[in-house]
Each structure stands twice: as C-alpha cells, then as structure tokens.
>>> print(open('structure_29.cif').read())   # mmCIF, C-alpha atoms
data_structure
loop_
_atom_site.group_PDB
_atom_site.id
_atom_site.type_symbol
_atom_site.label_atom_id
_atom_site.label_comp_id
_atom_site.auth_asym_id
_atom_site.auth_seq_id
_atom_site.Cartn_x
_atom_site.Cartn_y
_atom_site.Cartn_z
ATOM 1 C CA MET A 27 9.870 -18.188 -18.869
ATOM 2 C CA ASP A 28 6.698 -20.121 -18.078
ATOM 3 C CA VAL A 29 3.739 -17.968 -17.086
ATOM 4 C CA LYS A 30 3.273 -20.004 -13.880
ATOM 5 C CA PHE A 31 6.427 -18.381 -12.461
ATOM 6 C CA ILE A 32 5.273 -14.886 -13.437
ATOM 7 C CA ASN A 33 1.852 -15.488 -11.899
ATOM 8 C CA ALA A 34 3.346 -16.840 -8.660
ATOM 9 C CA PHE A 35 5.609 -13.807 -8.187
ATOM 10 C CA LEU A 36 2.818 -11.439 -9.172
ATOM 11 C CA GLU A 37 0.438 -13.006 -6.647
ATOM 12 C CA GLY A 38 3.144 -13.180 -3.955
ATOM 13 C CA THR A 39 4.014 -9.506 -4.443
ATOM 14 C CA ILE A 40 0.419 -8.326 -4.146
ATOM 15 C CA ASN A 41 -0.182 -10.576 -1.117
ATOM 16 C CA VAL A 42 2.893 -9.370 0.812
ATOM 17 C CA LEU A 43 2.470 -5.649 0.114
ATOM 18 C CA THR A 44 -1.255 -5.662 0.765
ATOM 19 C CA THR A 45 -0.919 -7.625 4.016
ATOM 20 C CA MET A 46 2.208 -6.058 5.511
ATOM 21 C CA ALA A 47 2.194 -2.528 4.087
ATOM 22 C CA PHE A 48 -1.494 -1.892 3.369
ATOM 23 C CA VAL A 49 -0.804 -0.727 -0.174
ATOM 24 C CA ALA A 50 -2.649 -2.137 -3.166
ATOM 25 C CA PRO A 51 -0.180 -2.491 -6.057
ATOM 26 C CA LYS A 52 -1.573 -2.600 -9.584
ATOM 27 C CA SER A 53 0.406 -4.663 -12.080
ATOM 28 C CA GLY A 54 1.201 -3.465 -15.592
ATOM 29 C CA THR A 55 2.167 -5.407 -18.714
ATOM 30 C CA PRO A 56 5.310 -7.546 -18.282
ATOM 31 C CA TYR A 57 8.228 -6.920 -20.638
ATOM 32 C CA ILE A 58 11.737 -8.211 -21.303
ATOM 33 C CA LYS A 59 14.730 -6.296 -19.934
ATOM 34 C CA LYS A 60 18.186 -6.829 -21.390
ATOM 35 C CA ASP A 61 20.419 -4.460 -19.418
ATOM 36 C CA SER A 62 21.334 -4.524 -15.720
ATOM 37 C CA VAL A 63 20.438 -0.938 -14.770
ATOM 38 C CA ALA A 64 17.838 -0.869 -11.991
ATOM 39 C CA SER A 65 14.709 1.158 -12.569
ATOM 40 C CA GLY A 66 14.340 1.993 -8.882
ATOM 41 C CA ASP A 67 16.380 3.713 -6.166
ATOM 42 C CA VAL A 68 16.729 0.645 -3.945
ATOM 43 C CA SER A 69 16.614 -3.029 -4.903
ATOM 44 C CA GLY A 70 16.528 -6.374 -3.128
ATOM 45 C CA ILE A 71 17.915 -9.451 -4.908
ATOM 46 C CA ILE A 72 17.585 -13.088 -3.884
ATOM 47 C CA GLY A 73 19.028 -16.235 -5.473
ATOM 48 C CA LEU A 74 16.779 -19.226 -6.150
ATOM 49 C CA THR A 75 17.642 -22.895 -6.699
ATOM 50 C CA GLY A 76 15.780 -26.184 -7.046
ATOM 51 C CA ALA A 77 13.039 -26.819 -9.595
ATOM 52 C CA ALA A 78 14.010 -23.470 -11.091
ATOM 53 C CA ARG A 79 17.345 -21.631 -10.892
ATOM 54 C CA GLY A 80 18.043 -17.915 -11.106
ATOM 55 C CA SER A 81 17.145 -14.834 -9.118
ATOM 56 C CA LEU A 82 14.354 -12.487 -8.169
ATOM 57 C CA ALA A 83 14.817 -8.744 -7.704
ATOM 58 C CA LEU A 84 12.500 -5.996 -6.519
ATOM 59 C CA SER A 85 13.355 -2.405 -7.358
ATOM 60 C CA PHE A 86 11.475 0.445 -5.651
ATOM 61 C CA SER A 87 11.325 4.155 -6.370
ATOM 62 C CA GLU A 88 12.199 6.278 -3.319
ATOM 63 C CA ALA A 89 8.652 7.605 -2.902
ATOM 64 C CA CYS A 90 7.162 4.130 -3.101
ATOM 65 C CA ILE A 91 9.494 2.440 -0.606
ATOM 66 C CA LEU A 92 9.199 5.329 1.888
ATOM 67 C CA ARG A 93 5.410 4.826 1.923
ATOM 68 C CA VAL A 94 5.676 1.011 2.096
ATOM 69 C CA VAL A 95 8.121 1.023 5.014
ATOM 70 C CA SER A 96 6.277 3.832 6.843
ATOM 71 C CA ASN A 97 3.125 1.723 6.690
ATOM 72 C CA MET A 98 4.945 -1.423 7.797
ATOM 73 C CA LEU A 99 6.558 0.246 10.797
ATOM 74 C CA GLY A 100 3.626 2.432 11.759
ATOM 75 C CA GLU A 101 5.860 5.519 11.770
ATOM 76 C CA GLU A 102 6.615 8.145 9.138
ATOM 77 C CA ILE A 103 9.956 7.559 7.402
ATOM 78 C CA THR A 104 10.968 10.489 5.199
ATOM 79 C CA VAL A 105 14.581 9.699 4.282
ATOM 80 C CA MET A 106 16.322 6.664 2.857
ATOM 81 C CA ASN A 107 18.119 4.994 5.772
ATOM 82 C CA HIS A 108 19.200 1.633 7.167
ATOM 83 C CA ASP A 109 15.595 0.763 8.074
ATOM 84 C CA ILE A 110 14.676 1.048 4.399
ATOM 85 C CA ASN A 111 17.445 -1.322 3.272
ATOM 86 C CA ASP A 112 16.554 -3.743 6.060
ATOM 87 C CA ALA A 113 12.901 -3.675 5.044
ATOM 88 C CA VAL A 114 13.650 -4.159 1.331
ATOM 89 C CA GLY A 115 15.618 -7.304 2.215
ATOM 90 C CA GLU A 116 12.746 -8.586 4.342
ATOM 91 C CA ILE A 117 10.112 -7.745 1.694
ATOM 92 C CA THR A 118 12.193 -9.551 -0.963
ATOM 93 C CA ASN A 119 12.459 -12.548 1.357
ATOM 94 C CA MET A 120 8.725 -12.595 2.060
ATOM 95 C CA ILE A 121 7.716 -12.238 -1.615
ATOM 96 C CA SER A 122 10.115 -15.018 -2.536
ATOM 97 C CA GLY A 123 8.578 -17.176 0.232
ATOM 98 C CA ALA A 124 4.998 -16.397 -0.793
ATOM 99 C CA ALA A 125 5.717 -17.160 -4.481
ATOM 100 C CA ARG A 126 7.605 -20.352 -3.657
ATOM 101 C CA LYS A 127 4.700 -21.521 -1.527
ATOM 102 C CA ILE A 128 2.395 -21.084 -4.548
ATOM 103 C CA LEU A 129 4.853 -22.936 -6.805
ATOM 104 C CA GLU A 130 5.273 -25.716 -4.235
ATOM 105 C CA SER A 131 1.544 -26.443 -4.514
ATOM 106 C CA SER A 132 2.222 -27.153 -8.241
ATOM 107 C CA GLY A 133 4.992 -29.577 -7.300
ATOM 108 C CA LEU A 134 7.853 -27.112 -7.869
ATOM 109 C CA SER A 135 10.142 -27.003 -4.852
ATOM 110 C CA ILE A 136 12.467 -23.989 -4.856
ATOM 111 C CA THR A 137 14.791 -22.819 -2.121
ATOM 112 C CA ALA A 138 16.054 -19.273 -1.614
ATOM 113 C CA ALA A 139 19.357 -17.768 -0.525
ATOM 114 C CA ILE A 140 19.740 -14.722 1.753
ATOM 115 C CA PRO A 141 18.653 -11.462 0.061
ATOM 116 C CA THR A 142 21.074 -8.637 -0.650
ATOM 117 C CA VAL A 143 20.116 -4.977 -0.983
ATOM 118 C CA VAL A 144 21.623 -2.350 -3.314
ATOM 119 C CA ALA A 145 20.728 1.349 -3.171
ATOM 120 C CA GLY A 146 21.498 4.496 -5.182
ATOM 121 C CA ARG A 147 20.488 6.018 -8.516
ATOM 122 C CA ASN A 148 21.237 3.847 -11.570
ATOM 123 C CA HIS A 149 22.623 0.960 -9.550
ATOM 124 C CA SER A 150 22.920 -2.443 -11.222
ATOM 125 C CA ILE A 151 20.903 -5.585 -10.679
ATOM 126 C CA VAL A 152 23.129 -8.521 -11.509
ATOM 127 C CA HIS A 153 21.140 -11.712 -11.956
ATOM 128 C CA VAL A 154 22.648 -15.122 -11.251
ATOM 129 C CA LEU A 155 22.021 -16.186 -14.861
ATOM 130 C CA GLY A 156 23.162 -12.881 -16.334
ATOM 131 C CA GLY A 157 19.833 -12.074 -18.032
ATOM 132 C CA PRO A 158 17.674 -11.173 -19.862
ATOM 133 C CA SER A 159 14.924 -10.866 -17.262
ATOM 134 C CA VAL A 160 11.166 -10.426 -17.192
ATOM 135 C CA ILE A 161 9.949 -7.206 -15.609
ATOM 136 C CA ILE A 162 6.526 -6.927 -14.007
ATOM 137 C CA PRO A 163 5.884 -3.204 -13.418
ATOM 138 C CA PHE A 164 3.659 -2.178 -10.508
ATOM 139 C CA SER A 165 2.114 1.142 -9.592
ATOM 140 C CA THR A 166 0.915 2.247 -6.169
ATOM 141 C CA ASP A 167 -0.585 5.495 -4.898
ATOM 142 C CA ALA A 168 2.876 6.409 -3.638
ATOM 143 C CA GLY A 169 4.927 5.494 -6.699
ATOM 144 C CA LEU A 170 6.351 2.741 -8.859
ATOM 145 C CA PHE A 171 8.278 -0.467 -8.337
ATOM 146 C CA VAL A 172 9.146 -3.467 -10.473
ATOM 147 C CA VAL A 173 9.546 -7.193 -9.939
ATOM 148 C CA ASP A 174 12.500 -8.402 -12.014
ATOM 149 C CA ILE A 175 12.740 -12.178 -12.556
ATOM 150 C CA CYS A 176 15.473 -14.145 -14.304
ATOM 151 C CA LEU A 177 14.750 -17.876 -13.941
ATOM 152 C CA THR A 178 15.213 -21.077 -15.850
ATOM 153 C CA GLU A 179 13.267 -24.244 -15.088
ATOM 154 C CA GLN A 180 15.546 -27.190 -14.233
ATOM 155 C CA MET B 7 -2.613 -13.895 30.726
ATOM 156 C CA GLY B 8 -4.102 -11.045 28.749
ATOM 157 C CA LYS B 9 -3.029 -8.052 26.752
ATOM 158 C CA GLU B 10 -0.686 -6.946 29.553
ATOM 159 C CA MET B 11 1.571 -9.994 29.231
ATOM 160 C CA LYS B 12 5.243 -9.418 28.455
ATOM 161 C CA ILE B 13 6.005 -10.527 24.895
ATOM 162 C CA LEU B 14 9.559 -11.097 23.661
ATOM 163 C CA VAL B 15 10.036 -10.530 19.914
ATOM 164 C CA VAL B 16 13.165 -12.211 18.539
ATOM 165 C CA ASP B 17 14.457 -11.349 15.060
ATOM 166 C CA ASP B 18 17.884 -10.429 13.684
ATOM 167 C CA PHE B 19 16.294 -7.788 11.424
ATOM 168 C CA ALA B 20 15.548 -4.664 13.493
ATOM 169 C CA THR B 21 12.948 -3.630 10.939
ATOM 170 C CA MET B 22 11.067 -6.911 11.256
ATOM 171 C CA ARG B 23 11.073 -6.542 15.066
ATOM 172 C CA LYS B 24 9.511 -3.103 14.573
ATOM 173 C CA VAL B 25 6.944 -4.552 12.161
ATOM 174 C CA VAL B 26 5.921 -7.270 14.634
ATOM 175 C CA ARG B 27 5.855 -4.714 17.468
ATOM 176 C CA ASN B 28 3.594 -2.504 15.328
ATOM 177 C CA LEU B 29 1.249 -5.434 14.577
ATOM 178 C CA LEU B 30 1.164 -6.389 18.274
ATOM 179 C CA LYS B 31 0.318 -2.810 19.255
ATOM 180 C CA GLN B 32 -2.524 -2.824 16.733
ATOM 181 C CA GLY B 33 -3.768 -5.943 18.538
ATOM 182 C CA GLY B 34 -3.649 -4.150 21.902
ATOM 183 C CA TYR B 35 -0.379 -5.624 23.218
ATOM 184 C CA GLU B 36 1.884 -2.951 24.700
ATOM 185 C CA ASN B 37 4.333 -4.819 26.956
ATOM 186 C CA ILE B 38 6.882 -5.795 24.319
ATOM 187 C CA VAL B 39 10.624 -6.417 24.604
ATOM 188 C CA GLU B 40 13.036 -7.339 21.817
ATOM 189 C CA ALA B 41 16.115 -9.478 21.195
ATOM 190 C CA GLU B 42 18.291 -9.555 18.072
ATOM 191 C CA ASP B 43 19.107 -13.263 18.185
ATOM 192 C CA GLY B 44 18.522 -16.494 20.066
ATOM 193 C CA VAL B 45 21.484 -16.062 22.410
ATOM 194 C CA VAL B 46 20.270 -12.684 23.687
ATOM 195 C CA ALA B 47 16.701 -13.981 23.809
ATOM 196 C CA LEU B 48 17.618 -17.012 25.939
ATOM 197 C CA ARG B 49 19.460 -14.759 28.392
ATOM 198 C CA MET B 50 16.391 -12.517 28.645
ATOM 199 C CA ILE B 51 13.987 -15.444 29.047
ATOM 200 C CA LYS B 52 16.069 -16.789 31.952
ATOM 201 C CA ALA B 53 16.585 -13.391 33.601
ATOM 202 C CA GLN B 54 13.165 -11.787 33.152
ATOM 203 C CA LYS B 55 9.577 -12.896 33.486
ATOM 204 C CA ILE B 56 8.752 -13.406 29.795
ATOM 205 C CA ASP B 57 5.145 -14.535 29.253
ATOM 206 C CA PHE B 58 5.271 -15.199 25.519
ATOM 207 C CA VAL B 59 7.977 -15.603 22.857
ATOM 208 C CA ILE B 60 7.578 -14.733 19.166
ATOM 209 C CA SER B 61 10.713 -15.823 17.334
ATOM 210 C CA ASP B 62 11.962 -15.761 13.774
ATOM 211 C CA TRP B 63 13.227 -19.072 12.378
ATOM 212 C CA ASN B 64 16.343 -17.927 10.493
ATOM 213 C CA MET B 65 18.819 -16.103 12.698
ATOM 214 C CA PRO B 66 22.595 -16.061 13.123
ATOM 215 C CA ASN B 67 24.292 -17.342 16.336
ATOM 216 C CA MET B 68 21.251 -19.321 17.480
ATOM 217 C CA THR B 69 18.295 -20.134 15.219
ATOM 218 C CA GLY B 70 14.671 -19.995 16.307
ATOM 219 C CA LEU B 71 14.597 -23.798 16.482
ATOM 220 C CA GLU B 72 17.726 -23.907 18.664
ATOM 221 C CA LEU B 73 16.215 -21.244 20.940
ATOM 222 C CA LEU B 74 12.991 -23.248 21.206
ATOM 223 C CA LYS B 75 14.919 -26.399 22.161
ATOM 224 C CA ALA B 76 16.953 -24.485 24.761
ATOM 225 C CA VAL B 77 13.786 -23.030 26.306
ATOM 226 C CA ARG B 78 12.025 -26.394 26.429
ATOM 227 C CA ALA B 79 15.134 -27.971 28.021
ATOM 228 C CA ASP B 80 15.188 -25.526 30.936
ATOM 229 C CA ALA B 81 12.660 -26.588 33.597
ATOM 230 C CA GLU B 82 12.335 -23.035 34.957
ATOM 231 C CA VAL B 83 11.074 -21.598 31.656
ATOM 232 C CA SER B 84 10.086 -24.684 29.640
ATOM 233 C CA ALA B 85 6.348 -23.863 29.723
ATOM 234 C CA THR B 86 6.804 -20.467 28.041
ATOM 235 C CA PRO B 87 4.456 -20.185 25.030
ATOM 236 C CA PHE B 88 6.499 -20.048 21.836
ATOM 237 C CA LEU B 89 5.230 -18.817 18.449
ATOM 238 C CA MET B 90 7.607 -19.408 15.534
ATOM 239 C CA VAL B 91 7.666 -16.966 12.617
ATOM 240 C CA THR B 92 8.799 -18.253 9.245
ATOM 241 C CA ALA B 93 8.925 -16.966 5.667
ATOM 242 C CA GLU B 94 7.812 -20.367 4.353
ATOM 243 C CA ALA B 95 5.876 -23.290 5.771
ATOM 244 C CA LEU B 96 8.295 -26.007 4.643
ATOM 245 C CA GLN B 97 6.989 -29.324 5.901
ATOM 246 C CA ASP B 98 10.333 -30.483 7.342
ATOM 247 C CA ASN B 99 10.691 -27.239 9.296
ATOM 248 C CA VAL B 100 7.172 -27.500 10.681
ATOM 249 C CA ILE B 101 7.738 -31.111 11.770
ATOM 250 C CA ALA B 102 11.052 -30.190 13.428
ATOM 251 C CA ALA B 103 9.398 -27.292 15.283
ATOM 252 C CA VAL B 104 6.448 -29.408 16.423
ATOM 253 C CA LYS B 105 8.816 -32.144 17.648
ATOM 254 C CA ALA B 106 10.777 -29.507 19.581
ATOM 255 C CA GLY B 107 7.578 -28.330 21.280
ATOM 256 C CA VAL B 108 6.568 -25.180 19.415
ATOM 257 C CA SER B 109 3.195 -23.804 20.547
ATOM 258 C CA ASN B 110 2.286 -22.764 16.992
ATOM 259 C CA TYR B 111 3.842 -21.156 13.922
ATOM 260 C CA ILE B 112 2.906 -18.262 11.655
ATOM 261 C CA VAL B 113 3.947 -17.731 8.030
ATOM 262 C CA LYS B 114 4.931 -14.268 6.763
ATOM 263 C CA PRO B 115 3.185 -12.150 5.582
ATOM 264 C CA PHE B 116 0.533 -11.920 8.302
ATOM 265 C CA THR B 117 -1.916 -9.332 9.567
ATOM 266 C CA SER B 118 -2.366 -8.023 13.095
ATOM 267 C CA GLU B 119 -5.635 -9.980 13.294
ATOM 268 C CA VAL B 120 -3.993 -13.297 12.384
ATOM 269 C CA LEU B 121 -1.147 -12.681 14.829
ATOM 270 C CA SER B 122 -3.552 -11.825 17.664
ATOM 271 C CA GLU B 123 -5.636 -14.909 16.842
ATOM 272 C CA LYS B 124 -2.572 -17.189 17.004
ATOM 273 C CA ILE B 125 -1.562 -15.696 20.363
ATOM 274 C CA ALA B 126 -5.091 -16.028 21.760
ATOM 275 C CA ASN B 127 -5.347 -19.669 20.623
ATOM 276 C CA ILE B 128 -2.092 -20.585 22.330
ATOM 277 C CA ILE B 129 -3.096 -18.857 25.572
ATOM 278 C CA GLU B 130 -6.527 -20.508 25.454
ATOM 279 C CA LYS B 131 -4.995 -23.974 25.084
ATOM 280 C CA MET B 132 -2.771 -23.311 28.113
ATOM 281 C CA ALA B 133 -5.666 -22.291 30.342
#
>>> encode(input="structure_29.cif", output="structure tokens")
Amino acid sequence: MDVKFINAFLEGTINVLTTMAFVAPKSGTPYIKKDSVASGDVSGIIGLTGAARGSLALSFSEACILRVVSNMLGEEITVMNHDINDAVGEITNMISGAARKILESSGLSITAAIPTVVAGRNHSIVHVLGGPSVIIPFSTDAGLFVVDICLTEQ
Amino acid sequence: MGKEMKILVVDDFATMRKVVRNLLKQGGYENIVEAEDGVVALRMIKAQKIDFVISDWNMPNMTGLELLKAVRADAEVSATPFLMVTAEALQDNVIAAVKAGVSNYIVKPFTSEVLSEKIANIIEKMA
C-alpha cells in the first residue's frame, strides 16, 4: 500500500481525535496483519470505493474509547453502551472523511459507505478485500487503539 | 439574537447531537433542542420559534439538504439561519447547499470555537 494512504489516515486520525475528543494520540510503527481478529474491544469499519477500493477499521480498547467518548460528550461514561457504539461509528466516519479530504487534494477521489460497528472481546474485522491489512498502532493516556487499513489503488 | 437564541440540532446519531450540544454549551449557548431527522425537525421549526438550525447532511427519511429546501420554501420560516454539518466538503454537495440557500456549512471535525465563529458570522450577516 502506498505511503500516501497511510499518511492520510494517520493525519486524519490525529486531527479528529485531537479536535473532537481532546486526546493526543501517538502513532507507533505500522505493521502487516494477516488474521481478522480485532485487537480492540469495539471496532468501526467503513467501506471505501473510487480511486482506491477496500476498507478502513478502527479498533479501540475499552479504556481508550471510554475516555474518548466521555471527552466528546462532556460527561463521564464508565460502561460500554449504545452511546459508545454510536460514537465509534461517527468517529470512523469522520476519520474516513478527514483522510479522504487529504487524498482528494492529491487528486484521489474516494467515497465512503455507512460505517458498521462490532463490539466484544476477540471479535473479527472482515475487510472488503479479505486482507492482509496495514495496522497503525496508536497510544493515548487512556489506552490503545489501532487504525486497520486494507486498500488497493484502482 | 445572542447566546439565548433557541438552536435546533438535527442529526440521526444521538451521540453526535450530544457532541454538538456539548460544543454549543462550551460556546455559551444553552437554549438547545434536538431532532433525530429532517421530518421531526421540520415539524419543530414550523411549530416552535426556532432561531437557528444546525443540521447534519446525511440522514434517513429527510436529508439535511431536503430539510433546508423545505425550510426555504415555507414563507413563515424561510429566513431561519441554517448551518449544514458534513463529514466531507465535497464540491457538488457544497454547490447544492449554496443553491438551496444554506447560510454556511461546517466540516467535521470542528472545535467549539470554530462552531461559535460560524454561528456568529451568520448572525452578523443577518443583522
């Protein structure tokens, strides 16, 4: 996968979480993932088509997403609930939008489908293209999450 | 109109309505009502004195653009300021919204400061 896609999703992720949830995620070294087991407790997945085809997933640890959503809503959320799933879908949508805006400025027009959210320990992330995917790990003060991208340029 | 104006937040995601409400409160706006889609929003706009509408673009039943067109077509409420919220600033969408009479648009993600600035600019232009 071309580094321009990785950079766009990395930048989009930091932009959305910093702006909407006031957390400053630090990115780690990207790596290739071959299985479909999610690393987090709740994941948002969104299909992408156009100049590139595939899907983007975000997978959050429970501690991380509770902090992110608490900050976004301005109220303390201590248990995984419908608000969390709702927010993960919206965050996935926003990160996809922010990354696509960056890619559009390089002449790559990509459209997104509606995000879906899966929760629970060891749930699966099924990419449109099947895999393998590139994982960008992030750490925050509250915990870990990953951006999981499986894309092919058209 | 100032910080006391009644703002209607329209979004099918309850969480996003809460997020916008939270950002508005940070900006000093307290008089906030919510609708989960364009149909409910239009009913509220016609029945209540709504001073300002902040609407998502993508919604089931009635989209933000359809709501905007319905508001602009009703003489009683057609002057209501309307801020469109979108996840992406696609040129075609922006043109369609401008043609339909949107007051301004804002691209997610956005801060409380940017939201308050957009609202203030719209109100200033109306004065």
>>> axis_aligned_box(input="structure_29.cif", around="range 104-119 of chain A", padding_each_side="3 Å", output="AutoDock Vina command-line options")
--center_x 14.7 --center_y -1.0 --center_z 3.6 --size_x 15.1 --size_y 29.0 --size_z 15.0
>>> resolve_selection(input="structure_29.cif", expression="the PyMOL selection byres ((chain A) within 7 of (chain B))", output="PyMOL selection string")
chain A and resi 42+45-46+98-100+109+112-113+120+123+127
>>> closest_residue(input="structure_29.cif", among="A:Leu84, A:Leu74, A:Cys176, A:Ala125", to="Pro158 in chain A", atoms="only C-alpha atoms")
A:Cys176
>>> closest_residue(input="structure_29.cif", among="B:Leu71, B:Ala133, B:Ala85, B:Met65", to="Asn99 in chain B", atoms="only C-alpha atoms")
B:Leu71
>>> closest_residue(input="structure_29.cif", among="B:Asp80, B:Asp43, B:Asp18, B:Glu130", to="Met68 in chain B", atoms="only C-alpha atoms")
B:Asp43
>>> closest_residue(input="structure_29.cif", among="B:Val59, B:Ile125, B:Ala53, B:Ile101", to="Val39 in chain B", atoms="all atoms listed in the file")
B:Val59
>>> resolve_selection(input="structure_29.cif", expression="the PyMOL selection byres ((chain A and resi 64) around 8)", output="PyMOL selection string")
chain A and resi 62-63+65-67+69+85+148-151
>>> resolve_selection(input="structure_29.cif", expression="the PyMOL selection byres ((chain A and resi 130) around 12)", output="number ranges by chain")
A: 30-31, 34, 76-78, 122-129, 131-137; B: 94-97
>>> atom_distance(input="structure_29.cif", atom1="CA of Glu88 in chain A", atom2="CA of Phe164 in chain A")
14.0 Å
>>> residues_around(input="structure_29.cif", residues="Glu42 in chain B", least_positions_apart="2", cutoff="7 Å", atoms="only C-alpha atoms", output="PyMOL selection string")
chain B and resi 16-18+40+46
>>> atom_distance(input="structure_29.cif", atom1="CA of Met27 in chain A", atom2="CA of Thr178 in chain A")
6.8 Å
>>> atom_distance(input="structure_29.cif", atom1="CA of Ala102 in chain B", atom2="CA of Ala139 in chain A")
20.4 Å
>>> closest_residue(input="structure_29.cif", among="B:Phe88, B:Thr69, B:Met132, B:Arg78", to="Leu14 in chain B", atoms="all atoms listed in the file")
B:Phe88
>>> closest_residue(input="structure_29.cif", among="B:Leu121, B:Asn67, B:Leu73, B:Ile60", to="Ser109 in chain B", atoms="only C-alpha atoms")
B:Ile60
>>> residues_around(input="structure_29.cif", residues="Pro56 in chain A", least_positions_apart="6", cutoff="10 Å", atoms="only C-alpha atoms", output="list in words")
Ile32, Val160, Ile161, Ile162, Pro163, Phe164, Val172, Val173 and Asp174 of chain A
>>> residues_around(input="structure_29.cif", residues="Leu74 in chain B", least_positions_apart="4", cutoff="12 Å", atoms="only C-alpha atoms", output="NGL selection string")
:B and (16 or 44-45 or 47-48 or 51 or 58-63 or 68-70 or 78-80 or 83-91 or 102-111)
>>> decode(input="structure_29.cif", residues="range 77-103 of chain B", atoms="N, CA and C atoms", output="CSV table (one decimal), in the first residue's frame")
chain,number,residue,atom,x,y,z
B,77,VAL,N,-37.5,24.2,4.4
B,77,VAL,CA,-37.5,25.4,5.2
B,77,VAL,C,-37.5,26.7,4.4
B,78,ARG,N,-36.7,26.7,3.4
B,78,ARG,CA,-36.6,27.9,2.5
B,78,ARG,C,-37.9,28.1,1.7
B,79,ALA,N,-38.6,27.0,1.5
B,79,ALA,CA,-39.9,27.0,0.7
B,79,ALA,C,-41.1,27.5,1.5
B,80,ASP,N,-40.9,27.6,2.8
B,80,ASP,CA,-42.0,28.0,3.7
B,80,ASP,C,-41.9,29.4,4.1
B,81,ALA,N,-42.7,30.3,3.6
B,81,ALA,CA,-42.5,31.7,3.9
B,81,ALA,C,-42.5,32.1,5.3
B,82,GLU,N,-43.2,31.3,6.2
B,82,GLU,CA,-43.2,31.7,7.6
B,82,GLU,C,-41.9,31.5,8.3
B,83,VAL,N,-41.1,30.5,7.8
B,83,VAL,CA,-39.8,30.2,8.5
B,83,VAL,C,-38.6,30.3,7.5
B,84,SER,N,-38.8,30.7,6.3
B,84,SER,CA,-37.8,30.7,5.3
B,84,SER,C,-36.5,31.5,5.6
B,85,ALA,N,-36.6,32.4,6.5
B,85,ALA,CA,-35.4,33.2,6.9
B,85,ALA,C,-34.6,32.6,8.0
B,86,THR,N,-35.0,31.4,8.5
B,86,THR,CA,-34.2,30.8,9.6
B,86,THR,C,-32.8,30.5,9.2
B,87,PRO,N,-31.8,31.0,10.0
B,87,PRO,CA,-30.4,30.7,9.7
B,87,PRO,C,-30.2,29.2,9.7
B,88,PHE,N,-29.4,28.7,8.8
B,88,PHE,CA,-29.3,27.2,8.6
B,88,PHE,C,-27.8,26.9,8.4
B,89,LEU,N,-27.2,26.2,9.3
B,89,LEU,CA,-25.8,25.8,9.3
B,89,LEU,C,-25.8,24.3,9.0
B,90,MET,N,-25.1,23.9,7.9
B,90,MET,CA,-25.1,22.5,7.5
B,90,MET,C,-23.8,21.8,8.0
B,91,VAL,N,-23.9,20.6,8.6
B,91,VAL,CA,-22.8,19.9,9.1
B,91,VAL,C,-22.5,18.7,8.2
B,92,THR,N,-21.3,18.6,7.7
B,92,THR,CA,-21.0,17.5,6.8
B,92,THR,C,-19.6,16.9,7.2
B,93,ALA,N,-19.5,15.6,6.9
B,93,ALA,CA,-18.2,14.9,7.2
B,93,ALA,C,-17.2,15.2,6.1
B,94,GLU,N,-17.6,15.7,5.0
B,94,GLU,CA,-16.7,16.0,3.9
B,94,GLU,C,-17.2,17.2,3.1
B,95,ALA,N,-16.2,18.0,2.6
B,95,ALA,CA,-16.6,19.2,1.9
B,95,ALA,C,-16.6,18.9,0.4
B,96,LEU,N,-17.4,17.9,-0.1
B,96,LEU,CA,-17.4,17.6,-1.5
B,96,LEU,C,-18.0,18.8,-2.3
B,97,GLN,N,-17.4,19.2,-3.3
B,97,GLN,CA,-17.7,20.4,-4.1
B,97,GLN,C,-19.2,20.4,-4.5
B,98,ASP,N,-19.6,19.2,-5.0
B,98,ASP,CA,-21.0,19.1,-5.5
B,98,ASP,C,-22.0,19.4,-4.4
B,99,ASN,N,-21.7,18.8,-3.2
B,99,ASN,CA,-22.6,19.0,-2.1
B,99,ASN,C,-22.7,20.4,-1.7
B,100,VAL,N,-21.5,21.1,-1.6
B,100,VAL,CA,-21.4,22.5,-1.2
B,100,VAL,C,-22.2,23.4,-2.2
B,101,ILE,N,-22.1,23.1,-3.5
B,101,ILE,CA,-22.8,23.9,-4.5
B,101,ILE,C,-24.3,23.7,-4.4
B,102,ALA,N,-24.7,22.4,-4.1
B,102,ALA,CA,-26.1,22.1,-4.0
B,102,ALA,C,-26.7,22.8,-2.8
B,103,ALA,N,-25.9,22.9,-1.7
B,103,ALA,CA,-26.4,23.5,-0.4
B,103,ALA,C,-26.5,25.0,-0.6
